[in-house]
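Shown below: coords_2.txt, with compact mmCIF, N, CA and C atoms.
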# COMPACT_ATOMS: atom_id res chain seq x y z
N MET N 1 -6.63 -25.19 14.41
CA MET N 1 -5.28 -25.65 14.14
C MET N 1 -4.46 -24.50 13.54
N PRO N 2 -3.20 -24.37 13.92
CA PRO N 2 -2.38 -23.26 13.44
C PRO N 2 -2.27 -23.19 11.92
N GLU N 3 -2.29 -24.29 11.22
CA GLU N 3 -2.15 -24.26 9.76
C GLU N 3 -3.40 -23.69 9.08
N ASP N 4 -4.48 -23.47 9.83
CA ASP N 4 -5.70 -22.91 9.27
C ASP N 4 -5.77 -21.40 9.43
N VAL N 5 -4.73 -20.77 9.92
CA VAL N 5 -4.74 -19.33 10.17
C VAL N 5 -3.94 -18.63 9.07
N SER N 6 -4.51 -17.56 8.53
CA SER N 6 -3.81 -16.73 7.56
C SER N 6 -3.58 -15.36 8.16
N VAL N 7 -2.43 -14.77 7.85
CA VAL N 7 -2.09 -13.44 8.35
C VAL N 7 -1.63 -12.61 7.16
N ILE N 8 -2.11 -11.37 7.11
CA ILE N 8 -1.68 -10.46 6.05
C ILE N 8 -1.32 -9.12 6.68
N GLY N 9 -0.25 -8.54 6.20
CA GLY N 9 0.19 -7.25 6.71
C GLY N 9 -0.17 -6.14 5.75
N GLU N 10 0.22 -4.93 6.11
CA GLU N 10 -0.05 -3.78 5.27
C GLU N 10 1.24 -3.01 5.05
N ASP N 11 1.45 -2.50 3.86
CA ASP N 11 2.55 -1.62 3.49
C ASP N 11 3.72 -2.35 2.83
N ASN N 12 3.78 -3.66 2.87
CA ASN N 12 4.79 -4.43 2.16
C ASN N 12 6.22 -3.93 2.41
N SER N 13 6.56 -3.69 3.64
CA SER N 13 7.92 -3.22 3.97
C SER N 13 8.92 -4.36 3.81
N GLU N 14 10.18 -4.02 3.87
CA GLU N 14 11.26 -5.02 3.74
C GLU N 14 11.18 -6.06 4.86
N LEU N 15 10.58 -5.70 5.98
CA LEU N 15 10.48 -6.63 7.11
C LEU N 15 9.62 -7.85 6.77
N CYS N 16 8.73 -7.72 5.79
CA CYS N 16 7.89 -8.85 5.38
C CYS N 16 8.73 -10.00 4.85
N GLU N 17 9.88 -9.69 4.29
CA GLU N 17 10.76 -10.71 3.72
C GLU N 17 11.65 -11.38 4.76
N VAL N 18 11.94 -10.70 5.87
CA VAL N 18 12.91 -11.25 6.82
C VAL N 18 12.27 -12.00 7.98
N CYS N 19 10.97 -11.82 8.19
CA CYS N 19 10.33 -12.55 9.29
C CYS N 19 10.08 -14.00 8.86
N LYS N 20 9.92 -14.88 9.80
CA LYS N 20 9.66 -16.30 9.54
C LYS N 20 8.31 -16.67 10.11
N PRO N 21 7.36 -17.15 9.36
CA PRO N 21 7.37 -17.24 7.90
C PRO N 21 7.26 -15.86 7.26
N ARG N 22 7.66 -15.78 5.98
CA ARG N 22 7.60 -14.49 5.27
C ARG N 22 6.14 -14.02 5.21
N LEU N 23 5.90 -12.76 5.53
CA LEU N 23 4.57 -12.22 5.70
C LEU N 23 3.95 -11.76 4.38
N THR N 24 2.78 -12.32 4.06
CA THR N 24 2.00 -11.82 2.94
C THR N 24 1.56 -10.41 3.30
N SER N 25 1.57 -9.50 2.32
CA SER N 25 1.29 -8.11 2.64
C SER N 25 0.59 -7.40 1.49
N MET N 26 -0.19 -6.38 1.84
CA MET N 26 -0.81 -5.54 0.84
C MET N 26 0.11 -4.36 0.59
N ASP N 27 0.50 -4.18 -0.67
CA ASP N 27 1.36 -3.06 -1.03
C ASP N 27 0.48 -1.84 -1.26
N THR N 28 0.50 -0.91 -0.31
CA THR N 28 -0.35 0.28 -0.37
C THR N 28 0.31 1.41 -1.14
N MET N 29 1.46 1.15 -1.73
CA MET N 29 2.19 2.14 -2.52
C MET N 29 2.35 3.44 -1.75
N LEU N 30 2.88 3.34 -0.55
CA LEU N 30 2.99 4.48 0.35
C LEU N 30 3.76 5.65 -0.27
N GLY N 31 4.84 5.38 -0.94
CA GLY N 31 5.62 6.46 -1.55
C GLY N 31 4.82 7.21 -2.61
N LEU N 32 4.18 6.48 -3.50
CA LEU N 32 3.39 7.10 -4.56
C LEU N 32 2.19 7.84 -4.00
N SER N 33 1.49 7.23 -3.04
CA SER N 33 0.31 7.89 -2.48
C SER N 33 0.70 9.16 -1.71
N THR N 34 1.88 9.17 -1.09
CA THR N 34 2.36 10.36 -0.39
C THR N 34 2.62 11.50 -1.37
N VAL N 35 3.27 11.19 -2.48
CA VAL N 35 3.56 12.21 -3.50
C VAL N 35 2.26 12.74 -4.11
N LEU N 36 1.34 11.85 -4.45
CA LEU N 36 0.06 12.28 -5.02
C LEU N 36 -0.71 13.16 -4.04
N SER N 37 -0.71 12.78 -2.77
CA SER N 37 -1.40 13.57 -1.75
C SER N 37 -0.79 14.96 -1.63
N ALA N 38 0.53 15.04 -1.68
CA ALA N 38 1.19 16.34 -1.59
C ALA N 38 0.84 17.22 -2.79
N HIS N 39 0.77 16.64 -3.97
CA HIS N 39 0.40 17.41 -5.17
C HIS N 39 -1.04 17.91 -5.07
N ILE N 40 -1.94 17.07 -4.61
CA ILE N 40 -3.33 17.48 -4.44
C ILE N 40 -3.42 18.62 -3.42
N LEU N 41 -2.72 18.48 -2.32
CA LEU N 41 -2.76 19.50 -1.27
C LEU N 41 -2.21 20.84 -1.77
N THR N 42 -1.08 20.81 -2.48
CA THR N 42 -0.52 22.07 -2.99
C THR N 42 -1.43 22.70 -4.03
N ASP N 43 -2.09 21.89 -4.86
CA ASP N 43 -3.06 22.43 -5.82
C ASP N 43 -4.18 23.16 -5.08
N ILE N 44 -4.71 22.54 -4.05
CA ILE N 44 -5.81 23.14 -3.28
C ILE N 44 -5.34 24.43 -2.60
N LEU N 45 -4.17 24.39 -1.99
CA LEU N 45 -3.64 25.57 -1.31
C LEU N 45 -3.35 26.71 -2.28
N ASP N 46 -3.02 26.37 -3.53
CA ASP N 46 -2.76 27.39 -4.55
C ASP N 46 -4.03 27.84 -5.26
N GLY N 47 -5.18 27.30 -4.85
CA GLY N 47 -6.46 27.72 -5.43
C GLY N 47 -6.83 27.02 -6.71
N ARG N 48 -6.08 26.01 -7.11
CA ARG N 48 -6.43 25.24 -8.32
C ARG N 48 -7.51 24.22 -7.95
N THR N 49 -8.53 24.14 -8.77
CA THR N 49 -9.60 23.19 -8.50
C THR N 49 -9.22 21.82 -9.03
N ARG N 50 -9.70 20.83 -8.35
CA ARG N 50 -9.47 19.44 -8.76
C ARG N 50 -10.82 18.79 -8.90
N ASN N 51 -11.22 18.55 -10.13
CA ASN N 51 -12.54 17.97 -10.41
C ASN N 51 -12.46 16.52 -10.85
N HIS N 52 -11.46 15.83 -10.43
CA HIS N 52 -11.35 14.42 -10.80
C HIS N 52 -10.92 13.59 -9.59
N GLN N 53 -11.10 12.30 -9.73
CA GLN N 53 -10.70 11.37 -8.68
C GLN N 53 -9.40 10.69 -9.06
N THR N 54 -8.65 10.31 -8.06
CA THR N 54 -7.46 9.51 -8.28
C THR N 54 -7.71 8.14 -7.66
N ILE N 55 -7.59 7.12 -8.47
CA ILE N 55 -7.80 5.75 -7.99
C ILE N 55 -6.48 5.01 -8.10
N MET N 56 -6.06 4.43 -6.99
CA MET N 56 -4.83 3.66 -6.98
C MET N 56 -5.17 2.21 -6.67
N GLU N 57 -4.68 1.33 -7.50
CA GLU N 57 -4.89 -0.09 -7.24
C GLU N 57 -3.77 -0.60 -6.34
N MET N 58 -4.15 -1.36 -5.34
CA MET N 58 -3.17 -1.96 -4.44
C MET N 58 -2.97 -3.41 -4.83
N GLU N 59 -1.85 -3.94 -4.45
CA GLU N 59 -1.51 -5.31 -4.83
C GLU N 59 -1.21 -6.13 -3.58
N ILE N 60 -1.70 -7.36 -3.56
CA ILE N 60 -1.35 -8.27 -2.48
C ILE N 60 -0.13 -9.06 -2.91
N ILE N 61 0.90 -8.99 -2.10
CA ILE N 61 2.15 -9.72 -2.35
C ILE N 61 2.05 -11.03 -1.56
N ASP N 62 1.82 -12.09 -2.27
CA ASP N 62 1.58 -13.40 -1.66
C ASP N 62 2.90 -14.02 -1.22
N ARG N 63 3.00 -14.29 0.08
CA ARG N 63 4.20 -14.96 0.60
C ARG N 63 3.75 -16.21 1.35
N GLU N 64 4.25 -16.46 2.52
CA GLU N 64 4.03 -17.74 3.20
C GLU N 64 2.93 -17.74 4.23
N THR N 65 2.28 -16.60 4.50
CA THR N 65 1.32 -16.57 5.62
C THR N 65 -0.14 -16.62 5.15
N VAL N 66 -0.37 -16.92 3.90
CA VAL N 66 -1.76 -17.07 3.44
C VAL N 66 -1.90 -18.45 2.82
Show me, as structure tokens, the structure contained in the file I just sent.
Amino acid sequence: MPEDVSVIGEDNSELCEVCKPRLTSMDTMLGLSTVLSAHILTDILDGRTRNHQTIMEMEIIDRETV
């Protein structure tokens, strides 16, 4: 039955709010992860060592499709 199906998207874009039904989505923090990745890359290219891990928590934005 259609009411037994759940759908979840990725990236939590503005389109999740305008579709019908509104799409539940995982917020992957694309902007923040892009900036962090660029900093890590420039550190490596400049010869700076990185001896730690970066952990980012993602959030599920609950809307109408779950």
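If all atoms listed in the file are the atoms counted, then among N:His39, N:Thr65, N:Met58, N:Asn51 the closest residue to Ile8 of chain N is N:Thr65.
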Within 7 Å of (4.8, -10.8, 2.3) in the file's own coordinates, which protein, DNA or RNA residues have an atom, counting all atoms listed in the file? List them as a ChimeraX atom specification. /N:9,12,16-17,22-26,61-65
List every residue of chain N that DSSP, applied to the backbone of this structure, assigns to helix (DSSP H, G or I), and report them as a PyMOL selection string. chain N and resi 2-4+15-18+30-45
